[in-house]
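Structure data (TSV, C-alpha atoms) from protein_39.tsv:
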chain	number	residue	atom	x	y	z
A	1	MET	CA	52.96	57.66	-50.39
A	2	GLU	CA	50.25	60.25	-50.22
A	3	ASP	CA	51.96	62.50	-52.68
A	4	LEU	CA	50.93	62.23	-56.32
A	5	GLU	CA	54.38	63.01	-57.67
A	6	ARG	CA	55.99	60.21	-55.65
A	7	TYR	CA	53.26	57.81	-56.72
A	8	LEU	CA	53.86	58.73	-60.36
A	9	ASP	CA	57.60	58.22	-59.98
A	10	LYS	CA	57.48	54.98	-57.98
A	11	PHE	CA	54.48	53.20	-59.48
A	12	VAL	CA	53.15	54.73	-62.67
A	13	THR	CA	56.39	55.33	-64.57
A	14	ALA	CA	57.73	51.82	-64.02
A	15	THR	CA	54.41	50.12	-64.80
A	16	VAL	CA	53.99	52.12	-68.00
A	17	ALA	CA	57.60	51.21	-68.90
A	18	ASP	CA	56.66	47.53	-68.51
A	19	PHE	CA	53.80	48.10	-70.96
A	20	GLU	CA	56.14	49.93	-73.37
A	21	ARG	CA	58.35	46.83	-73.40
A	22	ASN	CA	55.30	44.60	-74.00
A	23	PRO	CA	53.06	46.74	-76.22
A	24	SER	CA	50.77	43.91	-77.33
A	25	SER	CA	50.26	42.47	-73.82
A	26	VAL	CA	46.73	42.99	-72.57
A	27	ARG	CA	47.89	42.20	-69.03
A	28	HIS	CA	50.53	44.93	-69.05
A	29	GLY	CA	47.99	47.33	-70.55
A	30	PHE	CA	45.46	46.56	-67.82
A	31	LEU	CA	48.04	46.98	-65.05
A	32	ALA	CA	49.19	50.31	-66.50
A	33	CYS	CA	45.58	51.53	-66.57
A	34	VAL	CA	44.99	50.44	-62.95
A	35	VAL	CA	48.00	52.36	-61.60
A	36	ILE	CA	47.23	55.42	-63.75
A	37	PHE	CA	43.59	55.46	-62.70
A	38	HIS	CA	44.40	55.29	-58.97
A	39	ALA	CA	46.55	58.41	-59.21
A	40	VAL	CA	43.24	60.19	-58.65
A	41	ASP	CA	43.14	58.80	-55.09
A	42	TYR	CA	46.62	60.16	-54.37
A	43	ARG	CA	45.76	63.59	-55.76
A	44	ALA	CA	42.50	63.77	-53.78
A	45	TYR	CA	43.80	62.30	-50.48
A	46	PRO	CA	42.64	62.76	-47.72
A	47	LYS	CA	39.38	63.79	-49.41
A	48	PRO	CA	37.23	61.29	-51.33
A	49	SER	CA	38.22	61.02	-54.97
A	50	ALA	CA	34.81	60.71	-56.67
A	51	GLY	CA	34.44	64.41	-57.55
A	52	LEU	CA	37.99	64.75	-58.84
A	53	ARG	CA	37.60	61.53	-60.86
A	54	GLN	CA	34.61	63.01	-62.66
A	55	ARG	CA	36.48	66.27	-63.35
A	56	TRP	CA	39.48	64.39	-64.73
A	57	ARG	CA	37.22	62.26	-66.91
A	58	ASN	CA	35.63	65.44	-68.29
A	59	SER	CA	39.04	67.11	-68.85
A	60	SER	CA	40.77	64.21	-70.55
A	61	ALA	CA	39.22	61.68	-72.94
A	62	ASP	CA	42.37	59.58	-72.49
A	63	PHE	CA	42.01	59.45	-68.70
A	64	ALA	CA	38.32	58.60	-69.16
A	65	LEU	CA	39.26	55.64	-71.37
A	66	VAL	CA	41.96	54.52	-68.93
A	67	ASP	CA	39.31	54.65	-66.18
A	68	LYS	CA	37.00	52.42	-68.26
A	69	VAL	CA	39.73	49.91	-69.06
A	70	ALA	CA	40.89	49.75	-65.41
A	71	HIS	CA	37.36	49.06	-64.22
A	72	ALA	CA	36.62	46.58	-66.97
A	73	PHE	CA	39.74	44.71	-65.90
A	74	LYS	CA	39.00	44.86	-62.19
A	75	HIS	CA	35.28	44.17	-62.33
A	76	VAL	CA	34.93	42.34	-65.69
A	77	ALA	CA	32.64	45.10	-67.00
A	78	THR	CA	32.42	48.82	-66.37
A	79	PRO	CA	30.83	50.73	-64.79
A	80	ASN	CA	27.35	49.23	-64.53
A	81	PRO	CA	27.38	45.44	-64.96
A	82	PHE	CA	23.80	45.54	-66.20
A	83	ARG	CA	24.58	48.11	-68.92
A	84	PRO	CA	28.31	47.73	-69.40
A	85	GLU	CA	30.16	50.43	-71.32
A	86	LEU	CA	33.19	48.22	-71.82
A	87	LEU	CA	33.85	44.55	-71.29
A	88	ALA	CA	37.29	43.21	-70.38
A	89	GLU	CA	37.10	40.87	-73.37
A	90	ASN	CA	36.82	43.88	-75.70
A	91	VAL	CA	40.34	44.96	-74.80
A	92	ARG	CA	42.33	42.92	-77.32
A	93	GLY	CA	45.96	42.26	-78.01
A	94	ARG	CA	47.14	42.62	-81.60
A	95	PRO	CA	50.35	40.61	-82.02
A	96	PRO	CA	53.10	42.04	-84.24
A	97	ALA	CA	53.27	40.86	-87.85
A	98	ILE	CA	56.61	39.10	-87.47
A	99	PRO	CA	57.43	35.43	-87.96
A	100	GLY	CA	56.58	33.35	-84.94
A	101	MET	CA	54.20	35.93	-83.45
A	102	MET	CA	51.91	36.96	-86.30
A	103	VAL	CA	48.27	35.85	-85.93
A	104	PRO	CA	46.27	35.81	-89.18
A	105	GLY	CA	43.19	37.98	-88.89
A	106	LEU	CA	44.62	39.94	-85.95
A	107	SER	CA	48.07	41.17	-86.90
A	108	VAL	CA	48.39	44.02	-89.38
A	109	ILE	CA	50.86	43.53	-92.21
A	110	GLY	CA	53.77	45.92	-91.76
A	111	ASP	CA	53.27	46.27	-87.99
A	112	PRO	CA	56.44	44.90	-86.33
A	113	ILE	CA	55.46	46.03	-82.80
A	114	GLY	CA	51.86	45.01	-82.12
A	115	ALA	CA	49.41	46.80	-79.88
A	116	VAL	CA	46.53	46.54	-77.44
A	117	ILE	CA	43.39	47.88	-79.06
A	118	VAL	CA	40.38	49.29	-77.24
A	119	GLU	CA	37.53	51.10	-78.94
A	120	GLY	CA	39.69	51.30	-82.06
A	121	LYS	CA	42.54	53.07	-80.25
A	122	ASN	CA	46.08	51.97	-79.45
A	123	LEU	CA	46.01	51.66	-75.65
A	124	LEU	CA	49.71	52.45	-75.27
A	125	GLU	CA	49.22	55.85	-76.92
A	126	VAL	CA	46.21	56.52	-74.68
A	127	VAL	CA	48.31	55.55	-71.64
A	128	ARG	CA	51.19	57.84	-72.66
A	129	ARG	CA	48.86	60.82	-73.08
A	130	SER	CA	47.19	60.04	-69.73
A	131	VAL	CA	50.56	60.13	-67.97
A	132	LEU	CA	51.22	63.57	-69.47
A	133	PHE	CA	47.80	64.63	-68.19
A	134	LEU	CA	48.63	63.34	-64.69
A	135	ARG	CA	51.94	65.20	-64.68
A	136	GLU	CA	50.01	68.40	-65.38
A	137	GLN	CA	47.85	67.70	-62.31
A	138	SER	CA	50.72	67.05	-59.85
B	1	MET	CA	39.62	35.89	-69.41
B	2	ASN	CA	36.37	36.06	-67.52
B	3	THR	CA	36.45	32.61	-66.01
B	4	LEU	CA	38.49	32.31	-62.85
B	5	ALA	CA	40.86	29.65	-64.20
B	6	ARG	CA	41.60	31.65	-67.34
B	7	TYR	CA	42.05	34.87	-65.34
B	8	LEU	CA	44.53	33.13	-63.04
B	9	GLU	CA	46.47	31.74	-66.00
B	10	LEU	CA	46.59	34.98	-68.01
B	11	ILE	CA	46.78	37.64	-65.32
B	12	VAL	CA	47.52	36.42	-61.79
B	13	ASP	CA	50.22	33.82	-62.48
B	14	PRO	CA	52.49	36.02	-64.63
B	15	THR	CA	52.03	38.95	-62.23
B	16	TRP	CA	52.99	36.68	-59.32
B	17	ASP	CA	55.98	35.42	-61.32
B	18	GLU	CA	57.18	39.00	-61.78
B	19	PHE	CA	56.88	39.65	-58.04
B	20	HIS	CA	58.70	36.37	-57.35
B	21	SER	CA	61.58	37.68	-59.51
B	22	ASN	CA	61.42	41.14	-57.85
B	23	ARG	CA	60.51	40.30	-54.28
B	24	GLY	CA	61.95	43.53	-52.88
B	25	SER	CA	59.66	45.65	-55.06
B	26	ALA	CA	56.59	47.21	-53.41
B	27	ARG	CA	55.22	47.95	-56.87
B	28	HIS	CA	55.31	44.32	-57.92
B	29	ALA	CA	53.79	43.31	-54.57
B	30	PHE	CA	50.97	45.80	-55.12
B	31	LEU	CA	50.28	44.62	-58.67
B	32	ALA	CA	50.22	41.00	-57.52
B	33	CYS	CA	47.78	41.86	-54.72
B	34	VAL	CA	45.47	43.81	-57.04
B	35	THR	CA	45.27	40.95	-59.52
B	36	ILE	CA	44.72	38.34	-56.78
B	37	TYR	CA	42.04	40.43	-55.11
B	38	HIS	CA	40.07	40.92	-58.34
B	39	ALA	CA	39.83	37.17	-58.86
B	40	ILE	CA	36.73	37.64	-56.74
B	41	ASP	CA	35.02	39.54	-59.57
B	42	ARG	CA	35.51	36.58	-61.92
B	43	VAL	CA	33.77	34.29	-59.43
B	44	ALA	CA	30.97	36.81	-58.91
B	45	GLU	CA	30.53	37.12	-62.68
B	46	GLY	CA	29.82	33.42	-62.98
B	47	SER	CA	27.54	33.14	-59.95
B	48	ALA	CA	24.54	34.80	-58.39
B	49	LYS	CA	26.70	36.14	-55.54
B	50	ARG	CA	27.85	39.74	-55.52
B	51	ALA	CA	31.57	40.50	-55.30
B	52	ALA	CA	31.04	42.35	-52.00
B	53	HIS	CA	29.48	39.24	-50.48
B	54	LEU	CA	32.25	36.97	-51.76
B	55	ARG	CA	34.83	39.41	-50.40
B	56	GLN	CA	33.43	38.90	-46.91
B	57	VAL	CA	33.24	35.13	-47.30
B	58	TRP	CA	36.76	34.74	-48.74
B	59	GLY	CA	38.12	37.17	-46.15
B	60	ARG	CA	36.96	34.82	-43.43
B	61	GLU	CA	38.69	31.78	-44.94
B	62	PRO	CA	42.47	32.09	-44.99
B	63	LEU	CA	44.10	35.15	-43.47
B	64	GLU	CA	46.18	35.59	-46.62
B	65	PHE	CA	43.30	36.67	-48.83
B	66	ARG	CA	42.18	39.23	-46.25
B	67	LEU	CA	45.71	40.63	-46.07
B	68	VAL	CA	46.01	40.81	-49.85
B	69	ASP	CA	42.70	42.71	-49.86
B	70	VAL	CA	44.15	45.23	-47.37
B	71	ILE	CA	47.33	45.73	-49.40
B	72	ALA	CA	45.47	46.11	-52.71
B	73	HIS	CA	43.18	48.73	-51.22
B	74	HIS	CA	46.00	50.45	-49.36
B	75	PHE	CA	47.77	51.19	-52.61
B	76	LYS	CA	44.68	51.86	-54.65
B	77	HIS	CA	43.09	54.27	-52.20
B	78	VAL	CA	46.12	55.40	-50.13
B	79	LYS	CA	44.64	53.62	-47.10
B	80	SER	CA	42.32	50.63	-46.91
B	81	ASN	CA	39.21	50.72	-44.73
B	82	ASP	CA	40.79	48.12	-42.44
B	83	GLU	CA	43.61	50.55	-41.69
B	84	ARG	CA	41.33	53.41	-40.70
B	85	ILE	CA	41.06	52.57	-37.01
B	86	PRO	CA	39.45	55.51	-35.23
B	87	PRO	CA	41.85	56.98	-32.62
B	88	SER	CA	39.30	56.33	-29.86
B	89	GLN	CA	39.28	52.60	-30.60
B	90	ALA	CA	41.98	50.45	-29.09
B	91	GLY	CA	43.90	48.23	-31.46
B	92	ILE	CA	46.98	47.85	-33.57
B	93	PRO	CA	46.55	49.02	-37.18
B	94	ILE	CA	46.48	45.98	-39.45
B	95	GLY	CA	49.04	47.69	-41.68
B	96	PHE	CA	51.64	47.03	-38.97
B	97	ALA	CA	51.14	43.29	-39.39
B	98	LEU	CA	51.87	43.73	-43.08
B	99	GLY	CA	55.09	45.60	-42.50
B	100	PHE	CA	53.82	49.12	-43.17
B	101	ASN	CA	55.40	51.78	-40.99
B	102	GLU	CA	53.34	54.28	-39.02
B	103	ALA	CA	53.01	56.67	-41.95
B	104	GLY	CA	52.06	53.81	-44.27
B	105	ASP	CA	54.64	54.79	-46.85
B	106	GLN	CA	57.33	52.18	-46.18
B	107	MET	CA	56.88	48.46	-45.98
B	108	ASP	CA	58.86	45.38	-45.14
B	109	LEU	CA	58.34	42.87	-47.93
B	110	ARG	CA	60.06	39.83	-46.44
B	111	ASN	CA	56.99	38.32	-44.82
B	112	LEU	CA	54.65	39.73	-47.41
B	113	TYR	CA	56.19	37.49	-50.04
B	114	PHE	CA	54.82	34.42	-48.25
B	115	VAL	CA	51.43	36.03	-47.64
B	116	ILE	CA	51.03	36.74	-51.36
B	117	ARG	CA	52.32	33.28	-52.33
B	118	ASP	CA	49.72	31.63	-50.11
B	119	ALA	CA	46.99	33.91	-51.47
B	120	VAL	CA	47.91	32.75	-55.00
B	121	ARG	CA	47.50	29.16	-53.82
B	122	PHE	CA	44.16	30.07	-52.23
B	123	VAL	CA	42.63	31.53	-55.40
B	124	HIS	CA	43.93	28.56	-57.38
B	125	ARG	CA	42.18	26.22	-54.93
B	126	LYS	CA	38.96	28.14	-55.64
B	127	ALA	CA	39.44	27.45	-59.35
B	128	GLY	CA	40.49	23.84	-58.81
B	129	THR	CA	43.86	24.59	-60.42
B	130	GLU	CA	47.49	25.09	-59.40
B	131	HIS	CA	50.16	27.59	-60.31
B	132	PRO	CA	52.74	25.44	-62.13
B	133	ALA	CA	55.53	26.58	-59.81
B	134	LEU	CA	53.43	26.64	-56.63
B	135	PRO	CA	52.05	23.18	-56.01
B	136	GLU	CA	50.12	22.66	-52.82
B	137	PRO	CA	52.48	21.71	-50.01
B	138	ALA	CA	52.34	18.10	-48.98
B	139	PRO	CA	50.40	17.55	-45.77
B	140	PRO	CA	52.54	16.86	-42.72
B	141	PRO	CA	53.27	13.15	-42.24
B	142	ARG	CA	50.95	11.43	-39.84
B	143	ARG	CA	52.49	10.12	-36.69
B	144	PRO	CA	52.16	6.40	-36.49
B	145	VAL	CA	49.63	5.38	-33.91
B	146	THR	CA	51.38	3.54	-31.15
B	147	THR	CA	49.60	1.38	-28.67
B	148	ARG	CA	51.07	0.75	-25.34
B	149	ARG	CA	51.35	-2.90	-24.66
B	150	VAL	CA	49.67	-3.69	-21.43
B	151	SER	CA	50.81	-6.75	-19.71
B	152	THR	CA	48.01	-8.80	-18.41
B	153	PRO	CA	48.42	-10.79	-15.22
B	154	ARG	CA	48.51	-14.50	-15.74
With the file now loaded, output its structure as structure tokens.
Amino acid sequence: MEDLERYLDKFVTATVADFERNPSSVRHGFLACVVIFHAVDYRAYPKPSAGLRQRWRNSSADFALVDKVAHAFKHVATPNPFRPELLAENVRGRPPAIPGMMVPGLSVIGDPIGAVIVEGKNLLEVVRRSVLFLREQS
Amino acid sequence: MNTLARYLELIVDPTWDEFHSNRGSARHAFLACVTIYHAIDRVAEGSAKRAAHLRQVWGREPLEFRLVDVIAHHFKHVKSNDERIPPSQAGIPIGFALGFNEAGDQMDLRNLYFVIRDAVRFVHRKAGTEHPALPEPAPPPRRPVTTRRVSTPR
């Protein structure tokens, strides 16, 4: 499993598909970010990934946000717990505005799908663009 | 989501449930292990202990948490530190115990299912909670104490 393309096919694609089916689930969003972020280890292997991670963060604002979300999820806050850039609790689900699921104050009228919102962005769109970025790197 | 009990309810339990329904899937096993492993960060967040310290302490308790740690790091970083046995050092790579093959790219998930199940129980014990579908197993019944009757001479 040291090959990025195989990792993308076996792990990333299926986990992102889970998130696509559950677009307002924070859990599915976090898991998608974790598997996307760790693609950097597969691309860098057997070398350490720290340098490549920084280059990818500089090249893609979407990958940089995925990195932040993955680390907020794993470690509660990211990257420095004393000066956190992002807290896990600031990644929020926005339920769809349909009967039985709509939450007043959270759902947006006319939105039948829902979303996970981080820093004002729809996480699923960020995830999709990050996957395209990863495909360019494989 | 930052308290351990809430994290288990919102993240670990549903991820375990998905693995339970897809127990032949290495991807679901990996996701379950990652979520179980990072329970440690929720405990560290609420205490003065660092996650690295708790990792060592929890890793010494049941074997299951240590194994889940290895699997989570195997997938995250291609190989976990525990698997990097220098060639000069005698020993069997721990990945073998988990069902990884020599290359580390294939794994046997039959036994891993039970390892992950017991790790879920372990983190729930730390929170003082239970997964609704994974109650703690009943302790084995105690054998009745029998006393041998000794006949006393009259």
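Going from CA of Ala39 in chain A over to CA of Lys76 in chain B, you cover 8.2 Å.
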Neighbour list for range 26-31 of chain A as a PyMOL selection string, cut-off 8 Å, all atoms listed in the file, skip fewer than 5 positions in-chain: (chain A and resi 15+18-19+69-70+73+91-93+116+123-124) or (chain B and resi 10-11+31)
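Among the candidates B:Pro144, B:Ala119, B:Pro153, B:Glu45, the residue lying nearest to Gly59 in chain B is B:Ala119 (atoms considered: all atoms listed in the file).
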Selection: 8 Å around Asp3 in chain A, all atoms listed in the file, excl. self and same-chain fewer than 2 positions, as a ChimeraX atom specification: /A:1,5-7,42-43
For CA of His38 in chain A and CA of Phe75 in chain B, the interatomic separation in Å (one decimal): 8.3 Å
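Look at Gln54 in chain A: the protein and nucleic acid residues within 12 Å of it, using only C-alpha atoms and passing over chain neighbours fewer than 6 places away, are A:Phe37, A:Val40, A:Ala44, A:Pro48, A:Ser60, A:Ala61, A:Phe63, A:Ala64, A:Asp67.
One distance worth recording is that between CA of Ala48 in chain B and CA of Leu4 in chain B, which is 14.9 Å.
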For Asp13 in chain B: contacts at 10 Å, all atoms listed in the file, fewer than 6 positions along chain excluded, given as an MDAnalysis selection string: chainID B and resid 7 19 32 35:36 120 124 130:134
Next, the residues of the selection above should be written as an mmCIF file, keeping the file's coordinate frame with C-alpha atoms.
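What follows is the written file part_29.cif:
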data_model
loop_
_atom_site.group_PDB
_atom_site.id
_atom_site.type_symbol
_atom_site.label_atom_id
_atom_site.label_comp_id
_atom_site.auth_asym_id
_atom_site.auth_seq_id
_atom_site.Cartn_x
_atom_site.Cartn_y
_atom_site.Cartn_z
ATOM 1 C CA TYR B 7 42.050 34.870 -65.340
ATOM 2 C CA PHE B 19 56.880 39.650 -58.040
ATOM 3 C CA ALA B 32 50.220 41.000 -57.520
ATOM 4 C CA THR B 35 45.270 40.950 -59.520
ATOM 5 C CA ILE B 36 44.720 38.340 -56.780
ATOM 6 C CA VAL B 120 47.910 32.750 -55.000
ATOM 7 C CA HIS B 124 43.930 28.560 -57.380
ATOM 8 C CA GLU B 130 47.490 25.090 -59.400
ATOM 9 C CA HIS B 131 50.160 27.590 -60.310
ATOM 10 C CA PRO B 132 52.740 25.440 -62.130
ATOM 11 C CA ALA B 133 55.530 26.580 -59.810
ATOM 12 C CA LEU B 134 53.430 26.640 -56.630
#
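Surrounding residues of (40.5, 36.1, -60.8) at most 6 Å away are Leu4, Tyr7, Leu8, His38, Ala39, Ile40 and Arg42 of chain B (based on all atoms listed in the file).
Residue nearest chain A, chosen from B:Thr129, B:Gln56, B:Ser151, B:Ser25 and counting only C-alpha atoms: B:Ser25.
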Exercise: Arg117 in chain B partners within 9 Å, only C-alpha atoms, chain neighbours under 3 positions left out, as a PyMOL selection string: chain B and resi 16+20+64+112-114+120-122+134
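If only C-alpha atoms are the atoms counted, then among B:Asp118, B:Arg27, B:Thr3, B:Arg125 the closest residue to chain A is B:Arg27.
Between Phe11 in chain A and the candidates A:Val35, A:Ile109, A:Ser24, A:Tyr45, the tightest atom-to-atom separation, counting all atoms listed in the file, involves A:Val35.
The smallest atom-to-atom distance between Val66 in chain A and any of A:Ile98, A:Val103, A:Leu4, A:Leu134, using all atoms listed in the file, is found for A:Leu134.
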